[in-house]
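Structure file structure.cif; described as mmCIF, C-alpha atoms and all ligand atoms.
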```
data_start
#
loop_
_atom_site.group_PDB
_atom_site.id
_atom_site.type_symbol
_atom_site.label_atom_id
_atom_site.label_comp_id
_atom_site.auth_asym_id
_atom_site.auth_seq_id
_atom_site.Cartn_x
_atom_site.Cartn_y
_atom_site.Cartn_z
ATOM 1 C CA MET A 1 120.272 133.715 133.624
ATOM 2 C CA ALA A 2 122.310 133.907 136.798
ATOM 3 C CA GLU A 3 121.613 131.598 139.711
ATOM 4 C CA THR A 4 119.742 133.522 142.381
ATOM 5 C CA SER A 5 118.104 132.994 145.720
ATOM 6 C CA GLU A 6 115.515 135.722 145.301
ATOM 7 C CA ASN A 7 112.685 133.416 144.292
ATOM 8 C CA LEU A 8 112.949 131.279 147.398
ATOM 9 C CA SER A 9 111.621 133.322 150.277
ATOM 10 C CA ALA A 10 109.367 130.570 151.700
ATOM 11 C CA GLY A 11 110.357 127.050 152.701
ATOM 12 C CA VAL A 12 110.110 124.302 150.119
ATOM 13 C CA LEU A 13 109.868 120.531 150.447
ATOM 14 C CA LEU A 14 111.562 118.334 147.851
ATOM 15 C CA THR A 15 111.786 114.566 147.871
ATOM 16 C CA PHE A 16 114.042 112.025 146.183
ATOM 17 C CA GLU A 17 112.661 108.585 145.458
ATOM 18 C CA GLY A 18 113.767 105.460 143.656
ATOM 19 C CA ILE A 19 114.927 101.887 144.084
ATOM 20 C CA GLU A 20 117.890 100.907 146.245
ATOM 21 C CA GLY A 21 121.185 102.037 144.727
ATOM 22 C CA CYS A 22 119.641 104.643 142.417
ATOM 23 C CA GLY A 23 121.916 107.337 143.874
ATOM 24 C CA LYS A 24 119.516 109.368 146.029
ATOM 25 C CA SER A 25 121.932 110.167 148.818
ATOM 26 C CA THR A 26 124.706 111.239 146.411
ATOM 27 C CA GLN A 27 122.332 113.497 144.483
ATOM 28 C CA ILE A 28 120.889 115.016 147.650
ATOM 29 C CA ALA A 29 124.408 115.767 148.911
ATOM 30 C CA LEU A 30 125.395 117.390 145.585
ATOM 31 C CA LEU A 31 122.252 119.523 145.433
ATOM 32 C CA ALA A 32 122.567 120.547 149.090
ATOM 33 C CA GLU A 33 126.195 121.562 148.563
ATOM 34 C CA ARG A 34 125.319 123.656 145.532
ATOM 35 C CA LEU A 35 122.430 125.358 147.289
ATOM 36 C CA ARG A 36 124.513 126.101 150.367
ATOM 37 C CA LYS A 37 127.167 127.708 148.183
ATOM 38 C CA LEU A 38 124.390 130.015 146.985
ATOM 39 C CA GLU A 39 123.653 130.740 150.647
ATOM 40 C CA HIS A 40 120.369 128.904 150.859
ATOM 41 C CA LYS A 41 119.529 127.238 154.150
ATOM 42 C CA VAL A 42 119.139 123.541 153.465
ATOM 43 C CA VAL A 43 117.984 120.676 155.658
ATOM 44 C CA VAL A 44 118.823 117.160 154.482
ATOM 45 C CA SER A 45 116.858 114.355 156.026
ATOM 46 C CA ARG A 46 115.764 110.784 155.364
ATOM 47 C CA GLU A 47 113.165 108.217 156.198
ATOM 48 C CA PRO A 48 112.990 106.123 158.190
ATOM 49 C CA GLY A 49 115.068 107.278 161.172
ATOM 50 C CA ALA A 50 115.424 111.071 161.244
ATOM 51 C CA THR A 51 114.306 111.583 164.842
ATOM 52 C CA ARG A 52 115.184 109.915 168.136
ATOM 53 C CA LEU A 53 112.015 107.857 168.081
ATOM 54 C CA GLY A 54 112.563 107.289 164.361
ATOM 55 C CA GLU A 55 116.028 105.833 164.959
ATOM 56 C CA HIS A 56 114.446 103.073 167.040
ATOM 57 C CA LEU A 57 111.747 102.518 164.434
ATOM 58 C CA ARG A 58 114.376 102.304 161.662
ATOM 59 C CA GLU A 59 116.301 99.681 163.601
ATOM 60 C CA LEU A 60 113.154 97.614 164.016
ATOM 61 C CA LEU A 61 112.109 98.043 160.407
ATOM 62 C CA LEU A 62 115.458 97.050 158.912
ATOM 63 C CA ASP A 63 116.152 94.186 161.312
ATOM 64 C CA PRO A 64 115.932 90.900 159.363
ATOM 65 C CA ASN A 65 114.850 89.120 162.558
ATOM 66 C CA HIS A 66 111.426 90.735 162.348
ATOM 67 C CA ASP A 67 108.941 89.801 159.709
ATOM 68 C CA PRO A 68 105.921 92.097 160.064
ATOM 69 C CA ASP A 69 103.152 92.040 157.478
ATOM 70 C CA ALA A 70 102.590 94.965 155.121
ATOM 71 C CA LEU A 71 100.039 96.682 157.405
ATOM 72 C CA THR A 72 102.268 96.533 160.489
ATOM 73 C CA GLU A 73 105.189 97.784 158.446
ATOM 74 C CA LEU A 74 103.022 100.568 157.065
ATOM 75 C CA LEU A 75 102.004 101.732 160.539
ATOM 76 C CA LEU A 76 105.620 101.819 161.714
ATOM 77 C CA TYR A 77 106.703 103.870 158.698
ATOM 78 C CA LEU A 78 103.806 106.255 159.269
ATOM 79 C CA ALA A 79 104.703 106.686 162.936
ATOM 80 C CA ASP A 80 108.238 107.519 161.857
ATOM 81 C CA ARG A 81 106.886 110.000 159.285
ATOM 82 C CA ARG A 82 104.563 111.730 161.717
ATOM 83 C CA GLU A 83 107.408 112.323 164.140
ATOM 84 C CA HIS A 84 109.617 113.482 161.273
ATOM 85 C CA CYS A 85 106.986 116.022 160.122
ATOM 86 C CA ARG A 86 106.483 117.341 163.637
ATOM 87 C CA ARG A 87 110.087 117.643 164.714
ATOM 88 C CA VAL A 88 112.115 118.210 161.554
ATOM 89 C CA ILE A 89 110.154 119.030 158.395
ATOM 90 C CA GLY A 90 107.560 121.413 159.834
ATOM 91 C CA PRO A 91 110.031 123.541 161.837
ATOM 92 C CA ALA A 92 112.461 123.763 158.871
ATOM 93 C CA LEU A 93 109.720 124.880 156.480
ATOM 94 C CA LYS A 94 108.544 127.441 159.006
ATOM 95 C CA ARG A 95 112.089 128.842 159.113
ATOM 96 C CA GLY A 96 111.856 129.194 155.319
ATOM 97 C CA GLU A 97 114.449 126.508 154.552
ATOM 98 C CA ILE A 98 114.780 124.054 151.687
ATOM 99 C CA VAL A 99 114.095 120.517 152.884
ATOM 100 C CA LEU A 100 115.573 117.662 150.852
ATOM 101 C CA LEU A 101 114.231 114.244 151.788
ATOM 102 C CA ASP A 102 115.637 110.833 151.001
ATOM 103 C CA ARG A 103 112.324 108.928 150.685
ATOM 104 C CA PHE A 104 108.875 110.072 151.814
ATOM 105 C CA ILE A 105 105.213 109.342 151.012
ATOM 106 C CA ASP A 106 105.853 107.657 147.657
ATOM 107 C CA SER A 107 108.165 105.001 149.131
ATOM 108 C CA THR A 108 105.333 103.889 151.405
ATOM 109 C CA TRP A 109 102.819 103.718 148.579
ATOM 110 C CA VAL A 110 105.272 101.719 146.481
ATOM 111 C CA TYR A 111 106.931 99.404 149.053
ATOM 112 C CA GLN A 112 104.024 98.664 151.405
ATOM 113 C CA GLY A 113 101.381 98.953 148.692
ATOM 114 C CA PHE A 114 102.150 98.421 145.025
ATOM 115 C CA ALA A 115 105.190 96.140 145.287
ATOM 116 C CA ALA A 116 104.005 94.258 148.381
ATOM 117 C CA THR A 117 100.724 93.502 146.628
ATOM 118 C CA ALA A 118 102.458 92.357 143.450
ATOM 119 C CA ALA A 119 104.930 90.160 145.341
ATOM 120 C CA GLY A 120 102.354 88.798 147.802
ATOM 121 C CA VAL A 121 104.421 90.019 150.786
ATOM 122 C CA GLY A 122 102.158 89.672 153.839
ATOM 123 C CA ALA A 123 98.583 90.933 153.752
ATOM 124 C CA ALA A 124 98.349 93.639 151.123
ATOM 125 C CA VAL A 125 97.111 97.084 152.112
ATOM 126 C CA ALA A 126 94.710 98.750 149.671
ATOM 127 C CA LEU A 127 96.485 101.532 147.815
ATOM 128 C CA GLU A 128 93.737 104.063 148.525
ATOM 129 C CA ASN A 129 94.130 103.391 152.258
ATOM 130 C CA ILE A 130 97.845 104.109 152.037
ATOM 131 C CA GLU A 131 97.151 107.327 150.196
ATOM 132 C CA MET A 132 94.553 108.375 152.755
ATOM 133 C CA LEU A 133 96.858 107.580 155.708
ATOM 134 C CA ASN A 134 99.788 109.356 154.065
ATOM 135 C CA ARG A 135 97.642 112.485 153.726
ATOM 136 C CA LEU A 136 96.473 112.221 157.317
ATOM 137 C CA VAL A 137 100.043 111.874 158.580
ATOM 138 C CA VAL A 138 101.764 114.603 156.539
ATOM 139 C CA GLY A 139 98.938 117.159 156.428
ATOM 140 C CA ALA A 140 100.164 120.259 154.636
ATOM 141 C CA TYR A 141 103.686 118.943 154.153
ATOM 142 C CA TRP A 142 103.197 117.692 150.614
ATOM 143 C CA PRO A 143 106.305 117.767 148.375
ATOM 144 C CA ARG A 144 106.503 120.563 145.814
ATOM 145 C CA LEU A 145 108.754 118.488 143.578
ATOM 146 C CA THR A 146 109.756 114.823 143.646
ATOM 147 C CA PHE A 147 112.800 113.542 141.795
ATOM 148 C CA LEU A 148 112.377 109.956 140.746
ATOM 149 C CA LEU A 149 115.881 108.641 140.068
ATOM 150 C CA ASP A 150 115.056 105.820 137.738
ATOM 151 C CA CYS A 151 117.332 102.939 136.761
ATOM 152 C CA PRO A 152 116.986 99.207 136.077
ATOM 153 C CA ALA A 153 116.796 97.040 139.215
ATOM 154 C CA GLU A 154 120.011 95.128 138.325
ATOM 155 C CA ILE A 155 122.023 98.359 138.252
ATOM 156 C CA GLY A 156 120.581 99.632 141.525
ATOM 157 C CA LEU A 157 121.077 96.332 143.341
ATOM 158 C CA LYS A 158 124.654 96.040 142.104
ATOM 159 C CA ARG A 159 125.444 99.520 143.438
ATOM 160 C CA ALA A 160 123.661 98.820 146.741
ATOM 161 C CA ARG A 161 125.665 95.615 147.214
ATOM 162 C CA GLN A 162 128.896 97.447 146.458
ATOM 163 C CA ARG A 163 127.983 100.138 148.994
ATOM 164 C CA ASN A 164 127.316 97.509 151.663
ATOM 165 C CA LEU A 165 130.717 95.960 151.009
ATOM 166 C CA GLU A 166 132.393 99.343 151.355
ATOM 167 C CA THR A 167 130.639 100.173 154.617
ATOM 168 C CA ALA A 168 130.489 98.277 157.888
ATOM 169 C CA ALA A 169 127.582 96.175 156.698
ATOM 170 C CA VAL A 170 129.797 93.487 155.146
ATOM 171 C CA GLY A 171 127.652 90.455 154.448
ATOM 172 C CA VAL A 172 124.682 91.815 156.359
ATOM 173 C CA ALA A 173 122.314 92.870 153.618
ATOM 174 C CA ASP A 174 119.230 94.398 155.204
ATOM 175 C CA ARG A 175 115.840 92.791 154.848
ATOM 176 C CA PHE A 176 115.027 94.708 151.695
ATOM 177 C CA GLU A 177 118.221 93.963 149.837
ATOM 178 C CA ARG A 178 117.661 90.271 150.395
ATOM 179 C CA ARG A 179 114.481 90.394 148.430
ATOM 180 C CA GLN A 180 114.538 89.127 144.905
ATOM 181 C CA LEU A 181 115.298 91.144 141.823
ATOM 182 C CA LYS A 182 111.660 90.761 140.856
ATOM 183 C CA PHE A 183 110.537 92.707 143.923
ATOM 184 C CA HIS A 184 112.869 95.580 143.035
ATOM 185 C CA GLU A 185 111.517 95.562 139.499
ATOM 186 C CA GLN A 186 108.040 95.931 140.984
ATOM 187 C CA VAL A 187 109.282 98.802 143.128
ATOM 188 C CA ARG A 188 110.615 100.521 140.019
ATOM 189 C CA ALA A 189 107.321 99.934 138.196
ATOM 190 C CA GLY A 190 105.407 101.350 141.177
ATOM 191 C CA PHE A 191 107.410 104.570 141.206
ATOM 192 C CA LEU A 192 107.015 104.975 137.441
ATOM 193 C CA HIS A 193 103.280 104.455 137.800
ATOM 194 C CA LEU A 194 103.043 107.151 140.496
ATOM 195 C CA ALA A 195 105.115 109.535 138.398
ATOM 196 C CA ALA A 196 102.804 109.030 135.431
ATOM 197 C CA VAL A 197 99.742 109.744 137.580
ATOM 198 C CA ALA A 198 101.169 112.836 139.330
ATOM 199 C CA LYS A 199 103.141 114.310 136.411
ATOM 200 C CA GLU A 200 103.083 117.865 137.710
ATOM 201 C CA ARG A 201 104.848 116.885 140.958
ATOM 202 C CA PHE A 202 107.371 114.380 139.562
ATOM 203 C CA SER A 203 110.544 114.744 137.589
ATOM 204 C CA VAL A 204 111.752 111.368 136.310
ATOM 205 C CA LEU A 205 115.489 111.289 135.606
ATOM 206 C CA ASP A 206 117.653 108.542 134.140
ATOM 207 C CA ALA A 207 119.841 107.474 137.070
ATOM 208 C CA ALA A 208 121.975 104.958 135.181
ATOM 209 C CA ARG A 209 124.318 107.769 134.075
ATOM 210 C CA PRO A 210 127.339 109.072 136.044
ATOM 211 C CA PRO A 211 126.577 111.129 139.209
ATOM 212 C CA ALA A 212 127.890 114.457 137.840
ATOM 213 C CA GLU A 213 125.702 114.178 134.742
ATOM 214 C CA LEU A 214 122.685 113.254 136.815
ATOM 215 C CA HIS A 215 123.357 116.186 139.130
ATOM 216 C CA ASN A 216 123.263 118.566 136.149
ATOM 217 C CA ALA A 217 119.844 117.200 135.225
ATOM 218 C CA VAL A 218 118.654 117.593 138.842
ATOM 219 C CA TRP A 219 119.929 121.150 138.888
ATOM 220 C CA GLN A 220 118.258 122.057 135.586
ATOM 221 C CA GLU A 221 114.928 120.802 136.893
ATOM 222 C CA PHE A 222 115.357 122.454 140.269
ATOM 223 C CA SER A 223 116.229 125.773 138.650
ATOM 224 C CA ARG A 224 113.327 125.642 136.258
ATOM 225 C CA ARG A 225 110.657 124.412 138.638
ATOM 226 C CA ILE A 226 111.674 125.855 141.989
ATOM 227 C CA LEU A 227 113.893 128.843 141.311
ATOM 228 C CA GLN A 228 111.822 129.391 138.149
ATOM 229 C CA LEU A 229 114.764 130.276 136.003
ATOM 230 C CA GLU A 230 114.363 129.714 132.277
ATOM 231 C CA GLN A 231 117.966 128.911 131.581
ATOM 232 C CA VAL A 232 120.964 127.983 133.663
ATOM 233 C CA GLU A 233 124.571 127.568 132.659
HETATM 234 P P1 LIG Z 1 117.153 103.478 152.482
HETATM 235 O O1 LIG Z 1 118.020 102.302 152.238
HETATM 236 O O2 LIG Z 1 116.904 104.320 151.272
HETATM 237 O O3 LIG Z 1 117.540 104.261 153.689
HETATM 238 O O4 LIG Z 1 115.681 102.907 152.809
HETATM 239 C C1 LIG Z 1 115.466 101.937 153.712
HETATM 240 C C2 LIG Z 1 114.385 100.999 153.260
HETATM 241 O O5 LIG Z 1 113.121 101.452 153.741
HETATM 242 C C3 LIG Z 1 114.242 100.885 151.756
HETATM 243 O O6 LIG Z 1 114.368 99.556 151.385
HETATM 244 C C4 LIG Z 1 112.827 101.296 151.471
HETATM 245 C C5 LIG Z 1 112.142 101.140 152.785
HETATM 246 N N1 LIG Z 1 110.992 102.031 152.978
HETATM 247 C C6 LIG Z 1 109.715 101.476 152.909
HETATM 248 O O7 LIG Z 1 109.547 100.301 152.659
HETATM 249 N N2 LIG Z 1 108.658 102.306 153.134
HETATM 250 C C7 LIG Z 1 108.783 103.617 153.429
HETATM 251 O O8 LIG Z 1 107.788 104.323 153.632
HETATM 252 C C8 LIG Z 1 110.123 104.173 153.493
HETATM 253 C C9 LIG Z 1 110.307 105.623 153.818
HETATM 254 C C10 LIG Z 1 111.185 103.342 153.273
#
```
If you convert what's in this file into C-alpha cells, what do you get?
Ligand code: TMP
Amino acid sequence: MAETSENLSAGVLLTFEGIEGCGKSTQIALLAERLRKLEHKVVVSREPGATRLGEHLRELLLDPNHDPDALTELLLYLADRREHCRRVIGPALKRGEIVLLDRFIDSTWVYQGFAATAAGVGAAVALENIEMLNRLVVGAYWPRLTFLLDCPAEIGLKRARQRNLETAAVGVADRFERRQLKFHEQVRAGFLHLAAVAKERFSVLDAARPPAELHNAVWQEFSRRILQLEQVE
C-alpha cells in the first residue's frame, strides 16, 4: 500500500525512550525527515530542556556539581515537563501536527523511580507516586505510541562515550554517564518492565542493529499503528 497522509488529520504524540546511546535522536531525525518528505508537519522535541525555563532546568539537572535526591530531581523534571506540555506539545497537537519526543513520562518513572530505587540513589520515590504525578502534569497529552529502543547497557554506554568525544563535551561526561554500568542495566530493565505492562502503547525494537535497519523497523511500526497501513514497501 502506498504511503499516505490521509489517516493523520489530528495531532499525534509519539515518544522515544531507552538508555543512553540507544540511538533515539538519530531515529527521531530519520523518522521526522521521512514524514516531512510526505508533507506531514512534524515537531521534534526533547526532555529536559525544550523551553526557555526548561533550558535552565536542564543545565541544573545535568550539572555534576549538584547532587539532588530522587524526589528533588523528580520535581525538577516534572516542572520541565509541565512547561513543555503547555508551550510546545499542546500547541503542536492543537495544530494537528506529529510530535516526536526524545524522552517523556517513562524516563521519569525509570530514572527517578525504578532505577533509583534499585541503585539506592537518594531517597526513593514510590513508583505509584511518580505515575500519579506524571498524569497530573501531562493531563491529556499521553503518548499514542512509545518506541523503546532497546540495547545492552555496554553498547549504549560505548556509543554515548563516543558521542561525547566527538562533540564539545570532551572528558566532561554528564552526571548520568558517570554512573556505573549496573545503573544503566537497571534503567534498561525498568523500560522493559514498563513495556511489558503497557504492551498496547509500546513498541520494543532491537537497537543494537545499524541505524538504517532500525529506522525501517520504526517505519513499519509507525505505518501500521499510526498511519494504519497493512503493508509498506
Ligand atoms: P538525554 O541525554 O537523552 O538528553 O537525557 C538526559 C538525561 O536525563 C538522561 O540521562 C536521562 C535523564 N532523565 C531523567 O532522569 N528523568 C527524566 O524524566 C528525563 C526526561 C530524563
>> Any residue with an atom at most 10 Å from ligand LIG 1 (chain Z) counts, using all atoms listed in the file. Which are they? Put them as an MDAnalysis selection string.
In response: chainID A and resid 16:25 46:49 58 61:62 70 73:78 80:81 101:113 115:116 134 160 174:179 184 187
Could you give me, as an mmCIF file with C-alpha atoms, keeping the file's coordinate frame, the residues that have an atom at most 8 Å away from the point (97.0, 108.3, 161.7) in the coordinates of the file, using all atoms listed in the file?
```cif
data_model
loop_
_atom_site.group_PDB
_atom_site.id
_atom_site.type_symbol
_atom_site.label_atom_id
_atom_site.label_comp_id
_atom_site.auth_asym_id
_atom_site.auth_seq_id
_atom_site.Cartn_x
_atom_site.Cartn_y
_atom_site.Cartn_z
ATOM 1 C CA LEU A 78 103.806 106.255 159.269
ATOM 2 C CA ALA A 79 104.703 106.686 162.936
ATOM 3 C CA LEU A 133 96.858 107.580 155.708
ATOM 4 C CA LEU A 136 96.473 112.221 157.317
ATOM 5 C CA VAL A 137 100.043 111.874 158.580
#
```
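Nearest residue to A:Ser45, choosing from A:Leu13, A:Leu100, A:Leu57, A:Arg144 and counting only C-alpha atoms: A:Leu100.
Using all atoms listed in the file, the smallest distance between any of A:Ala207, A:Arg201, A:Gly190, A:Asn129 and A:Cys151 comes from A:Ala207.
Picture a line from atom CA of A:Gln186 to atom CA of A:Ala124; it runs 14.2 Å.
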>> Just want the 12 Å neighbourhood of A:Ala212, counted on all atoms listed in the file, with same-chain residues fewer than 5 positions away dropped. Output as a list in words.
In response: Gly23, Thr26, Gln27, Ala29, Leu30, Leu31, Ala207, Ala217, Val218 and Trp219 of chain A
>> I'd like the residues picked by the PyMOL selection byres (((chain A and resi 204) around 8) and not hetatm) written out as a VMD selection string, using the chain letters and numbers from the file.
In response: chain A and resid 147 to 150 195 202 to 203 205 to 206
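Between atom CA of A:Ile155 and atom CA of A:Phe222 the interatomic distance comes to 25.1 Å.
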